[in-house]
Structure formats: C-alpha cells, structure tokens
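This is run.pdb (PDB, C-alpha atoms).
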ATOM      1  CA  MET A 121      43.238 -31.382 146.159
ATOM      2  CA  THR A 122      40.047 -33.351 145.608
ATOM      3  CA  PRO A 123      39.994 -36.392 143.299
ATOM      4  CA  SER A 124      38.053 -34.380 140.699
ATOM      5  CA  GLU A 125      40.905 -31.849 140.548
ATOM      6  CA  GLU A 126      43.655 -34.421 140.028
ATOM      7  CA  THR A 127      45.456 -34.494 136.715
ATOM      8  CA  VAL A 128      47.811 -36.725 134.787
ATOM      9  CA  ALA A 129      50.859 -35.852 132.700
ATOM     10  CA  ILE A 130      51.883 -38.352 130.055
ATOM     11  CA  ALA A 131      55.250 -38.847 128.369
ATOM     12  CA  GLU A 132      55.995 -41.092 125.407
ATOM     13  CA  LEU A 133      59.468 -42.315 124.515
ATOM     14  CA  PRO A 134      61.148 -44.823 122.232
ATOM     15  CA  THR A 135      62.815 -47.794 123.964
ATOM     16  CA  PRO A 136      64.635 -50.897 122.692
ATOM     17  CA  VAL A 137      61.348 -52.817 123.205
ATOM     18  CA  GLY A 138      59.066 -50.319 121.468
ATOM     19  CA  VAL A 139      57.330 -47.033 122.163
ATOM     20  CA  PHE A 140      56.561 -46.780 125.891
ATOM     21  CA  SER A 141      54.339 -44.265 127.672
ATOM     22  CA  LEU A 142      54.290 -43.130 131.312
ATOM     23  CA  ALA A 143      51.401 -41.441 133.157
ATOM     24  CA  MET A 144      52.190 -39.415 136.287
ATOM     25  CA  THR A 145      49.620 -37.998 138.713
ATOM     26  CA  GLU A 146      50.461 -35.633 141.543
ATOM     27  CA  THR A 147      51.000 -38.778 143.663
ATOM     28  CA  GLY A 148      53.231 -40.764 141.331
ATOM     29  CA  LEU A 149      53.347 -43.144 138.377
ATOM     30  CA  VAL A 150      49.776 -44.381 137.872
ATOM     31  CA  ALA A 151      50.143 -46.224 134.565
ATOM     32  CA  SER A 152      52.682 -47.161 131.938
ATOM     33  CA  GLY A 153      52.732 -49.361 128.911
ATOM     34  CA  TRP A 154      53.590 -50.016 125.317
ATOM     35  CA  GLY A 155      52.051 -47.745 122.752
ATOM     36  CA  THR A 156      51.184 -44.104 122.381
ATOM     37  CA  ARG A 157      50.178 -41.534 124.965
ATOM     38  CA  ALA A 158      46.651 -41.533 123.506
ATOM     39  CA  ARG A 159      46.302 -45.252 124.209
ATOM     40  CA  LEU A 160      47.448 -44.776 127.799
ATOM     41  CA  ALA A 161      45.307 -41.666 128.369
ATOM     42  CA  GLY A 162      42.259 -43.639 127.255
ATOM     43  CA  ARG A 163      42.693 -45.966 130.262
ATOM     44  CA  LEU A 164      42.587 -43.130 132.806
ATOM     45  CA  ASP A 165      39.708 -40.991 134.006
ATOM     46  CA  LEU A 166      41.863 -37.940 134.758
ATOM     47  CA  ALA A 167      42.310 -34.619 133.010
ATOM     48  CA  GLU A 168      45.567 -34.595 131.059
ATOM     49  CA  VAL A 169      47.985 -31.719 131.522
ATOM     50  CA  HIS A 170      51.164 -31.084 129.573
ATOM     51  CA  ASP A 171      53.785 -31.057 132.315
ATOM     52  CA  ALA A 172      57.194 -32.322 131.210
ATOM     53  CA  ASP A 173      58.616 -31.536 134.656
ATOM     54  CA  ARG A 174      56.227 -34.005 136.287
ATOM     55  CA  THR A 175      57.283 -36.863 134.010
ATOM     56  CA  ALA A 176      60.988 -35.948 133.705
ATOM     57  CA  SER A 177      62.263 -38.087 136.585
ATOM     58  CA  ALA A 178      60.407 -41.231 135.483
ATOM     59  CA  VAL A 179      61.535 -40.709 131.871
ATOM     60  CA  ALA A 180      65.150 -40.276 133.022
ATOM     61  CA  GLU A 181      64.931 -43.423 135.142
ATOM     62  CA  LEU A 182      63.492 -45.462 132.281
ATOM     63  CA  LYS A 183      66.249 -44.239 129.934
ATOM     64  CA  ALA A 184      68.883 -45.116 132.565
ATOM     65  CA  TYR A 185      67.309 -48.573 133.021
ATOM     66  CA  PHE A 186      67.523 -49.299 129.296
ATOM     67  CA  ALA A 187      71.097 -47.945 129.210
ATOM     68  CA  GLY A 188      72.016 -50.491 131.895
ATOM     69  CA  GLU A 189      72.733 -47.732 134.431
ATOM     70  CA  LEU A 190      69.741 -48.189 136.790
ATOM     71  CA  LYS A 191      68.638 -51.295 138.665
ATOM     72  CA  THR A 192      66.160 -49.865 141.182
ATOM     73  CA  PHE A 193      63.445 -47.368 140.308
ATOM     74  CA  ALA A 194      62.825 -44.547 142.796
ATOM     75  CA  THR A 195      59.761 -43.173 140.995
ATOM     76  CA  PRO A 196      56.856 -43.055 143.460
ATOM     77  CA  ILE A 197      53.927 -45.320 142.556
ATOM     78  CA  ASP A 198      50.300 -44.179 142.602
ATOM     79  CA  TRP A 199      48.490 -47.418 143.501
ATOM     80  CA  ARG A 200      44.929 -46.098 142.843
ATOM     81  CA  LEU A 201      44.181 -48.517 139.976
ATOM     82  CA  MET A 202      44.768 -51.556 142.185
ATOM     83  CA  ALA A 203      42.917 -52.996 145.194
ATOM     84  CA  GLY A 204      42.580 -56.156 147.268
ATOM     85  CA  ALA A 205      44.608 -59.217 146.324
ATOM     86  CA  ARG A 206      45.751 -57.547 143.103
ATOM     87  CA  LEU A 207      47.247 -54.656 145.090
ATOM     88  CA  ARG A 208      49.001 -57.003 147.562
ATOM     89  CA  VAL A 209      50.458 -59.119 144.756
ATOM     90  CA  LEU A 210      51.704 -56.118 142.750
ATOM     91  CA  GLN A 211      53.180 -54.478 145.858
ATOM     92  CA  ALA A 212      55.082 -57.716 146.592
ATOM     93  CA  LEU A 213      56.228 -57.847 142.958
ATOM     94  CA  HIS A 214      57.463 -54.250 143.192
ATOM     95  CA  LYS A 215      60.090 -55.532 145.681
ATOM     96  CA  VAL A 216      61.466 -58.321 143.430
ATOM     97  CA  PRO A 217      65.014 -57.169 142.607
ATOM     98  CA  TYR A 218      66.585 -56.507 139.215
ATOM     99  CA  GLY A 219      68.301 -59.558 137.759
ATOM    100  CA  THR A 220      66.109 -62.040 139.629
ATOM    101  CA  ALA A 221      62.798 -63.749 138.998
ATOM    102  CA  VAL A 222      60.110 -65.514 141.006
ATOM    103  CA  THR A 223      57.581 -68.111 139.943
ATOM    104  CA  TYR A 224      53.873 -67.361 139.972
ATOM    105  CA  GLY A 225      53.500 -69.537 143.085
ATOM    106  CA  GLU A 226      56.443 -67.869 144.842
ATOM    107  CA  LEU A 227      54.916 -64.459 144.179
ATOM    108  CA  ALA A 228      51.609 -65.597 145.713
ATOM    109  CA  ARG A 229      53.505 -66.688 148.844
ATOM    110  CA  LEU A 230      55.499 -63.411 148.979
ATOM    111  CA  ALA A 231      52.193 -61.514 148.831
ATOM    112  CA  GLY A 232      50.627 -63.679 151.538
ATOM    113  CA  SER A 233      47.922 -64.537 149.020
ATOM    114  CA  SER A 234      45.948 -67.693 148.454
ATOM    115  CA  VAL A 235      45.494 -66.751 144.787
ATOM    116  CA  PRO A 236      46.532 -69.770 142.665
ATOM    117  CA  ALA A 237      49.350 -69.479 140.109
ATOM    118  CA  ARG A 238      46.865 -69.064 137.235
ATOM    119  CA  GLY A 239      45.258 -66.141 139.081
ATOM    120  CA  ILE A 240      48.689 -64.593 139.634
ATOM    121  CA  GLY A 241      49.199 -64.818 135.865
ATOM    122  CA  SER A 242      45.948 -62.903 135.314
ATOM    123  CA  ILE A 243      47.099 -60.226 137.763
ATOM    124  CA  MET A 244      50.391 -59.943 135.849
ATOM    125  CA  GLY A 245      48.469 -59.521 132.600
ATOM    126  CA  SER A 246      46.493 -56.631 134.096
ATOM    127  CA  ASN A 247      49.490 -54.874 135.684
ATOM    128  CA  PRO A 248      48.910 -51.169 134.950
ATOM    129  CA  ILE A 249      52.578 -50.216 135.483
ATOM    130  CA  PRO A 250      54.849 -52.699 133.646
ATOM    131  CA  ILE A 251      58.641 -52.451 133.967
ATOM    132  CA  PHE A 252      58.385 -50.249 137.099
ATOM    133  CA  ILE A 253      56.273 -53.018 138.667
ATOM    134  CA  PRO A 254      58.275 -55.781 136.995
ATOM    135  CA  CYS A 255      55.790 -58.417 135.826
ATOM    136  CA  HIS A 256      58.493 -59.598 133.406
ATOM    137  CA  ARG A 257      60.310 -60.993 136.487
ATOM    138  CA  VAL A 258      57.572 -63.579 137.085
ATOM    139  CA  VAL A 259      58.287 -66.887 135.360
ATOM    140  CA  ALA A 260      56.682 -70.295 135.165
ATOM    141  CA  ALA A 261      57.854 -73.082 137.446
ATOM    142  CA  GLY A 262      60.117 -75.595 135.720
ATOM    143  CA  ASN A 263      62.270 -73.138 133.753
ATOM    144  CA  GLY A 264      59.510 -71.797 131.486
ATOM    145  CA  LEU A 265      59.177 -68.076 130.869
ATOM    146  CA  GLY A 266      55.407 -68.006 131.279
ATOM    147  CA  GLY A 267      53.284 -65.519 129.398
ATOM    148  CA  PHE A 268      53.658 -61.814 128.792
ATOM    149  CA  SER A 269      51.150 -59.395 127.325
ATOM    150  CA  GLY A 270      53.370 -56.316 126.949
ATOM    151  CA  GLY A 271      55.208 -55.195 123.842
ATOM    152  CA  GLU A 272      55.781 -58.120 121.496
ATOM    153  CA  GLY A 273      54.748 -60.676 124.126
ATOM    154  CA  VAL A 274      57.155 -63.312 125.379
ATOM    155  CA  GLU A 275      59.982 -61.989 123.160
ATOM    156  CA  THR A 276      59.789 -58.664 125.036
ATOM    157  CA  LYS A 277      59.864 -60.555 128.348
ATOM    158  CA  ARG A 278      62.903 -62.526 127.141
ATOM    159  CA  TRP A 279      64.631 -59.272 126.093
ATOM    160  CA  LEU A 280      63.982 -57.622 129.481
ATOM    161  CA  LEU A 281      65.187 -60.668 131.460
ATOM    162  CA  THR A 282      68.313 -60.890 129.266
ATOM    163  CA  HIS A 283      68.911 -57.146 129.672
ATOM    164  CA  GLU A 284      68.762 -57.605 133.462
ATOM    165  CA  GLY A 285      71.161 -60.578 133.347
ATOM    166  CA  TYR A 286      68.638 -63.164 134.552
ATOM    167  CA  LEU A 287      68.791 -64.954 131.183
ATOM    168  CA  GLN A 288      71.918 -65.505 129.142
ATOM    169  CA  PRO A 289      71.968 -63.966 125.648
ATOM    170  CA  THR A 290      71.285 -66.337 122.774
ATOM    171  CA  LEU A 291      73.040 -66.274 119.412
ATOM    172  CA  LEU A 292      70.094 -64.240 118.143
ATOM    173  CA  ASP A 293      70.910 -61.503 120.689
ATOM    174  CA  LEU A 294      74.555 -61.155 119.637
TER     175      LEU A 294
END
Structure rendered as structure tokens:
Amino acid sequence: MTPSEETVAIAELPTPVGVFSLAMTETGLVASGWGTRARLAGRLDLAEVHDADRTASAVAELKAYFAGELKTFATPIDWRLMAGARLRVLQALHKVPYGTAVTYGELARLAGSSVPARGIGSIMGSNPIPIFIPCHRVVAAGNGLGGFSGGEGVETKRWLLTHEGYLQPTLLDL
C-alpha cells in the first residue's frame, strides 16, 4: 500500500476526563486527543474511512484503562507524525510504566537526548497520542506537576495521575 492509499479510522468516546478521539491507520494509533473526531481528523492528511473494527481494540483498551482494569496498552503505535529528538523522547516516554512518573530532565536522560527540560516540556505539549504515550506521567522536578495541555489542563493531569495511583486522592476527589 502506498502512502497515498493509506487511510485513517476515527473513534470518539466519552471518558471521565472528557470526550476523547482515537485515529487508527493500517499501521496503528497515529493520533488521539480531547475533542471530537472532526478536530482530530483535521490534524491528519489521510482519507477517513468508517471502520469500527479497526478502532475497536484501542477503544476497548481505553475503556479498560479508565475502568482501572488495564495498566499497559498493547495498541500498536504509528510513529509517522514524529521524527528526530521528538521521536526518541516520545518512544522513551512510551515505556514509562503506569503508576509512575519521571521529571522532564529524567525523560531527556532516558531518551539519550541533550534537549533541556524546557524543550522536553514543548515535546510533551505536542504529543500527538496522549494517554497511550503518557505525557501526563512527566512532572516537574521538586514535586510540581508541571504543565499539561490536554483536556482541562493540569486538572486533567492530576486526575490521570490520581487514577493511576501516583498521586493520592484529595478531599475534592472523594
């Protein structure tokens, strides 16, 4: 199949942190994010097909994750939207386990990158596949959460890290 023949199937589902969409190519999950399928489709230069079978496994995994039943995603990743240092950093991040977190500087070291912490933060902000490539697991040094551009911002990051058991619930979560 030539690149011009490749297609994308998109699924949209409600989650505890808002509407979330997933885009699957023949290779794997190419993009995900908060918002509608139309918003996600606008970021991709691929013909959209309606193929619920192609997205079913990723949708099931995401539902299981939010139900607290899944800690490691098996959905294949299509890395085409990433290159260079960004690709190396996001591939290293993809290996950071559920329930843990790394600092921006630690992630740079894990990726074998000389990108400074601020640059790592920019890479996190441009992550095309949040949750599956867990940018919410990257925190600031010194016990700060750092930034987060997905969902409702840092509150979504706090929710995800609490859901995974990295942070303890607050009275507001009870």
Dump as a tab-separated table the rows for residues of stretch 238-284 of chain A within 12 Å of stretch 160-166 of chain A: closest atom pair and distance in Å with one decimal, all atoms listed in the file counted, ordered by chain and rising residue number.
residue	atom	partner	partner_atom	distance
A:Ser246	CA	A:Arg163	CA	12.0
A:Pro248	CA	A:Arg163	CA	9.4
A:Ile249	CA	A:Leu160	CA	10.7
Just C-alpha atoms for this one: save the residues we selected as a PDB file, in the frame of the given file.
ATOM      1  CA  SER A 246      46.493 -56.631 134.096  1.00  0.00           C
ATOM      2  CA  PRO A 248      48.910 -51.169 134.950  1.00  0.00           C
ATOM      3  CA  ILE A 249      52.578 -50.216 135.483  1.00  0.00           C
TER       4      ILE A 249
END
- request: Kindly resolve the PyMOL selection byres ((chain A and resi 233) around 12) on the present coordinates and return the residues as a PyMOL selection string.
  value: chain A and resi 204-212+224-232+234-237+239-240
Closest pair table for stretch 188-228 of chain A residues within 7 Å of stretch 167-184 of chain A, all atoms listed in the file, as CSV:
residue,atom,partner,partner_atom,distance
A:Gly188,CA,A:Ala184,CA,6.3
A:Glu189,CA,A:Ala184,CA,5.0
A:Leu190,CA,A:Ala184,CA,5.3
A:Phe193,CA,A:Glu181,CA,6.7
A:Thr195,CA,A:Ala178,CA,5.9
- request: In Å, rounded to a single decimal, give me how far atom CA of A:Tyr286 is from atom CA of A:Ala221.
  value: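 Straight-line distance from atom CA of A:Ala221 to atom CA of A:Tyr286 works out to 7.4 Å.
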field: Pairwise distance for atom CA of A:Val258 and atom CA of A:Trp279, rounded to one decimal in Å
entry: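 So the two atoms, atom CA of A:Val258 and atom CA of A:Trp279, lie 13.8 Å apart.
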